[in-house]
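Comments concern the structure below.
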Amino acid sequence: MQDGLTRTARIAGIGGYLPEHVITNADLERMVDTSDEWITKRTGIKERRMVAEDESIVDLIERAGKGAMDDAGVSPEEIDLFVLATATVEQPIPSTAAIAQPRLGLTNAACFDVSAACSGFVYALNVGRQFIATGEAKNVLVIGAECLTRYLDWTDRATCVLLGDGAGAVVLQPAQPGDGILRIAWKTDGNYWDMIHMPGGGCRVPPHQPRVIEERLGYIKMRGNETFKVAVRALTEMSLKVLEQAGVTPADVDLFIPHQANIRIIQAVGARLGLPPEKVYTNLHKVGNTSSASIPLAMVDAIADGKLKRGDLLLSTAFGGGLTTASALIRY
Ligand code: UT7
């Protein structure tokens, strides 16, 4: 079941944080031409969270990260690597991980960001476990955090009803073969980079150019229906790939926690994998799509609900902008 690595990493602690302010579908009905019925039926989302005016992504990172370190019984000074997955940076320079480092008290850690959109958490997990496998790190903090509402066009009903803010964190520690992260499969197909993107604010159209405001380039754009179809195929294929690499079948999986993008995508992938609905975990009705925070936040809820227990075989697969896909098979 194990891959070529002689050592791997286990999830020693987990934490999550959601901002307090709730945006319901009824709130959105007052902002754009939409309805609770449409959003519920087409996405499964009932509400999502939004950061307060005086909050930002670093506040979410601090709460989630401290929760995971407490849960693992690890002090901040013991963390030797911090990998942050985010698509919604605090500011373009420096990395958001560096800005968050003092707040987390990580005095001995190298810190950097991973940019892989909704697959970011699984990508960061894969980066973190490599450093544990080589023996270069003993305690790795991996966080997926997003302030998506700051990059949302509140006049675009096709995106503003989907996304929400939040952060989820894990502490990785060395594990015996057969325990912890067993396999991760990942892939990027940059041919579709513009399916989900934000055109303004980078080198091509710098943030100070008037075009950014005039042409509304500083917002997340998505070709939703095309993305939907690619997502179902990619999530299914990457899930099957990681299972095959590990020499197990969907029937061996105790719980499937996919990226929480759309209930119809999740149900379609669950059915293609032949998983019974009780093995497919969802919490997107109360958080929406939180991109890189989605899987760790769903894990936190699944643990609280008694659905994910130590020793369970967990399959987690994500898909997002890039286009990126990644699937992790974990003996939790
Ligand atoms: O996080 C990873 C990446 N993202 C995703 O995985 C998202 C993938 N895509 C989706 O979840 C779905 O495609 C959406 C939820 C975004 C859209 O659902 P859909 O069933 O694919 O709808 P559609 O885009 O085909 O649009 C159908 C209709 C359109 O109206 P017309 O042209 O048929 O008159 C849209 O304008 O629904 C309209 N529409 C809405 N109506 C009410 C789009 N958004 C809304 C809305 N409320 N919020």
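Residues in the structure tokens are numbered from 1 in each chain, the chains being A, B, ... in the order shown, and ligands are numbered from 1 in the order shown.
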
When DSSP is applied to the backbone of this structure, which of segment 22-182 of chain A are assigned strand (DSSP E)? Write them out as a PyMOL selection string. chain A and resi 22-24+47-50+81-85+110-114+140-146+166-175+180-182

Selection above as a file: N, CA, C and O atoms, as a compact mmCIF listing (two decimals), in the first residue's frame:
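Output file out_16.txt is given in full below:
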# COMPACT_ATOMS: atom_id res chain seq x y z
N VAL A 22 -22.13 35.13 8.90
CA VAL A 22 -22.76 34.16 7.99
C VAL A 22 -23.47 34.91 6.86
O VAL A 22 -24.20 35.87 7.13
N ILE A 23 -23.28 34.48 5.63
CA ILE A 23 -24.07 35.01 4.50
C ILE A 23 -24.99 33.90 4.03
O ILE A 23 -24.53 32.84 3.58
N THR A 24 -26.28 34.12 4.16
CA THR A 24 -27.25 33.10 3.76
C THR A 24 -27.66 33.30 2.29
O THR A 24 -27.38 34.35 1.70
N GLU A 47 -25.41 28.36 3.19
CA GLU A 47 -24.75 29.54 3.74
C GLU A 47 -23.24 29.40 3.66
O GLU A 47 -22.72 28.30 3.44
N ARG A 48 -22.56 30.53 3.79
CA ARG A 48 -21.09 30.55 3.76
C ARG A 48 -20.66 31.65 4.72
O ARG A 48 -21.46 32.46 5.18
N ARG A 49 -19.33 31.68 5.03
CA ARG A 49 -18.82 32.67 5.98
C ARG A 49 -18.02 33.76 5.27
O ARG A 49 -17.44 33.52 4.22
N MET A 50 -17.98 34.94 5.94
CA MET A 50 -17.23 36.05 5.35
C MET A 50 -16.42 36.76 6.44
O MET A 50 -16.96 37.01 7.53
N LEU A 81 8.79 23.50 9.55
CA LEU A 81 8.38 23.92 8.20
C LEU A 81 6.89 24.28 8.24
O LEU A 81 6.09 23.57 8.84
N PHE A 82 6.55 25.39 7.60
CA PHE A 82 5.15 25.82 7.49
C PHE A 82 4.84 26.02 6.01
O PHE A 82 5.45 26.87 5.35
N VAL A 83 3.93 25.20 5.49
CA VAL A 83 3.52 25.31 4.08
C VAL A 83 2.08 25.79 4.05
O VAL A 83 1.18 25.12 4.59
N LEU A 84 1.88 26.94 3.45
CA LEU A 84 0.53 27.51 3.38
C LEU A 84 -0.02 27.39 1.97
O LEU A 84 0.61 27.85 1.01
N ALA A 85 -1.19 26.79 1.84
CA ALA A 85 -1.89 26.76 0.56
C ALA A 85 -2.93 27.86 0.55
O ALA A 85 -3.80 27.90 1.43
N ALA A 110 10.95 27.39 8.38
CA ALA A 110 10.94 27.97 7.04
C ALA A 110 9.48 28.02 6.59
O ALA A 110 8.72 27.09 6.88
N CYS A 111 9.09 29.13 5.94
CA CYS A 111 7.67 29.33 5.63
C CYS A 111 7.51 29.76 4.18
O CYS A 111 8.23 30.66 3.72
N PHE A 112 6.60 29.14 3.47
CA PHE A 112 6.32 29.60 2.11
C PHE A 112 4.91 29.22 1.69
O PHE A 112 4.26 28.41 2.34
N ASP A 113 4.46 29.83 0.57
CA ASP A 113 3.11 29.59 0.06
C ASP A 113 3.16 28.58 -1.10
O ASP A 113 4.13 28.54 -1.85
N VAL A 114 2.07 27.85 -1.22
CA VAL A 114 1.86 26.98 -2.38
C VAL A 114 0.60 27.50 -3.07
O VAL A 114 -0.42 27.72 -2.43
N VAL A 140 5.69 19.51 10.72
CA VAL A 140 5.34 20.39 9.60
C VAL A 140 3.91 20.88 9.78
O VAL A 140 2.99 20.08 10.01
N LEU A 141 3.74 22.19 9.70
CA LEU A 141 2.40 22.77 9.76
C LEU A 141 1.93 23.02 8.33
O LEU A 141 2.61 23.71 7.56
N VAL A 142 0.78 22.41 7.98
CA VAL A 142 0.20 22.61 6.65
C VAL A 142 -1.17 23.27 6.84
O VAL A 142 -2.01 22.75 7.58
N ILE A 143 -1.35 24.40 6.18
CA ILE A 143 -2.63 25.12 6.33
C ILE A 143 -3.21 25.44 4.94
O ILE A 143 -2.47 25.83 4.03
N GLY A 144 -4.51 25.26 4.82
CA GLY A 144 -5.24 25.75 3.65
C GLY A 144 -6.13 26.88 4.14
O GLY A 144 -6.94 26.67 5.05
N ALA A 145 -5.96 28.07 3.59
CA ALA A 145 -6.73 29.22 4.09
C ALA A 145 -7.15 30.11 2.92
O ALA A 145 -6.37 30.29 1.98
N GLU A 146 -8.33 30.65 3.02
CA GLU A 146 -8.83 31.53 1.94
C GLU A 146 -9.70 32.66 2.48
O GLU A 146 -10.51 32.47 3.37
N GLY A 166 -12.44 30.77 5.14
CA GLY A 166 -12.16 29.83 6.23
C GLY A 166 -10.72 29.34 6.16
O GLY A 166 -9.99 29.65 5.22
N ALA A 167 -10.33 28.59 7.18
CA ALA A 167 -8.97 28.02 7.22
C ALA A 167 -9.00 26.69 7.95
O ALA A 167 -9.72 26.51 8.93
N GLY A 168 -8.20 25.74 7.43
CA GLY A 168 -8.04 24.44 8.08
C GLY A 168 -6.56 24.10 8.14
O GLY A 168 -5.81 24.44 7.22
N ALA A 169 -6.14 23.46 9.23
CA ALA A 169 -4.71 23.23 9.45
C ALA A 169 -4.45 21.83 9.98
O ALA A 169 -5.29 21.28 10.70
N VAL A 170 -3.29 21.28 9.63
CA VAL A 170 -2.85 20.02 10.23
C VAL A 170 -1.37 20.13 10.60
O VAL A 170 -0.62 20.89 9.99
N VAL A 171 -0.99 19.35 11.61
CA VAL A 171 0.42 19.17 11.94
C VAL A 171 0.81 17.77 11.49
O VAL A 171 0.13 16.80 11.83
N LEU A 172 1.89 17.70 10.69
CA LEU A 172 2.40 16.40 10.22
C LEU A 172 3.61 16.00 11.06
O LEU A 172 4.47 16.83 11.36
N GLN A 173 3.66 14.71 11.38
CA GLN A 173 4.82 14.15 12.10
C GLN A 173 5.21 12.82 11.45
O GLN A 173 4.39 12.18 10.78
N PRO A 174 6.44 12.35 11.66
CA PRO A 174 6.88 11.08 11.07
C PRO A 174 5.96 9.93 11.48
O PRO A 174 5.45 9.90 12.60
N ALA A 175 5.77 9.00 10.54
CA ALA A 175 4.89 7.85 10.80
C ALA A 175 5.55 6.57 10.34
O ALA A 175 6.45 6.59 9.49
N GLY A 180 -0.64 6.85 8.42
CA GLY A 180 -0.58 8.22 7.92
C GLY A 180 -0.84 8.32 6.41
O GLY A 180 -1.63 7.55 5.85
N ILE A 181 -0.14 9.26 5.76
CA ILE A 181 -0.36 9.50 4.33
C ILE A 181 0.27 8.34 3.54
O ILE A 181 1.49 8.20 3.52
N LEU A 182 -0.56 7.54 2.92
CA LEU A 182 -0.06 6.34 2.22
C LEU A 182 0.38 6.69 0.79
O LEU A 182 1.38 6.20 0.30

Residues near segment 241-247 of chain A, cut-off 10 Å, only C-alpha atoms, skip fewer than 4 positions along chain, as a ChimeraX atom specification: /A:1-3,182-186,235-237,252-253,315-317,326-329

Emit the selected residues as a PDB file, in the first residue's frame, including C-alpha atoms.
ATOM      1  CA  MET A   1       0.000   0.000   0.000  1.00  0.00           C
ATOM      2  CA  GLN A   2       2.911   2.310   0.816  1.00  0.00           C
ATOM      3  CA  ASP A   3       4.802   4.157  -1.932  1.00  0.00           C
ATOM      4  CA  LEU A 182      -0.058   6.342   2.215  1.00  0.00           C
ATOM      5  CA  ARG A 183      -0.139   7.855  -1.263  1.00  0.00           C
ATOM      6  CA  ILE A 184      -0.720  11.173  -2.983  1.00  0.00           C
ATOM      7  CA  ALA A 185      -1.355  11.480  -6.727  1.00  0.00           C
ATOM      8  CA  TRP A 186      -1.367  14.889  -8.372  1.00  0.00           C
ATOM      9  CA  LEU A 235     -11.916  13.950  -9.456  1.00  0.00           C
ATOM     10  CA  THR A 236     -12.990  10.432 -10.422  1.00  0.00           C
ATOM     11  CA  GLU A 237      -9.804   9.664 -12.376  1.00  0.00           C
ATOM     12  CA  ASP A 252     -11.722  -0.455   1.172  1.00  0.00           C
ATOM     13  CA  VAL A 253     -12.313   3.274   1.726  1.00  0.00           C
ATOM     14  CA  LEU A 315      -9.704   9.281   0.540  1.00  0.00           C
ATOM     15  CA  SER A 316      -9.575  13.017  -0.186  1.00  0.00           C
ATOM     16  CA  THR A 317      -9.572  14.406  -3.702  1.00  0.00           C
ATOM     17  CA  ALA A 326      -4.765  15.910  -6.313  1.00  0.00           C
ATOM     18  CA  SER A 327      -5.835  12.886  -4.329  1.00  0.00           C
ATOM     19  CA  ALA A 328      -4.569  11.658  -0.968  1.00  0.00           C
ATOM     20  CA  LEU A 329      -5.083   8.244   0.592  1.00  0.00           C
TER      21      LEU A 329
END

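Once Ala302 of chain A and its same-chain neighbours fewer than 6 positions away are set aside, Leu255, Ile257, Tyr281, Thr282, Asn283, Pro296, Leu308 and Lys309 of chain A remain within 10 Å of it when counting only C-alpha atoms.
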
Could you list, as an MDAnalysis selection string, all residues that come within 6 Å of ligand 1? Count only C-alpha atoms and all ligand atoms. chainID A and resid 34:35 38:39 42:43 118 157:158 161 224:225 227:228 231 261:262 291 319:320

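Closest approach to Ala298 of chain A among A:Ser119, A:Thr96, A:Gln260, A:Gln130 is made by A:Gln260 (distances from only C-alpha atoms).
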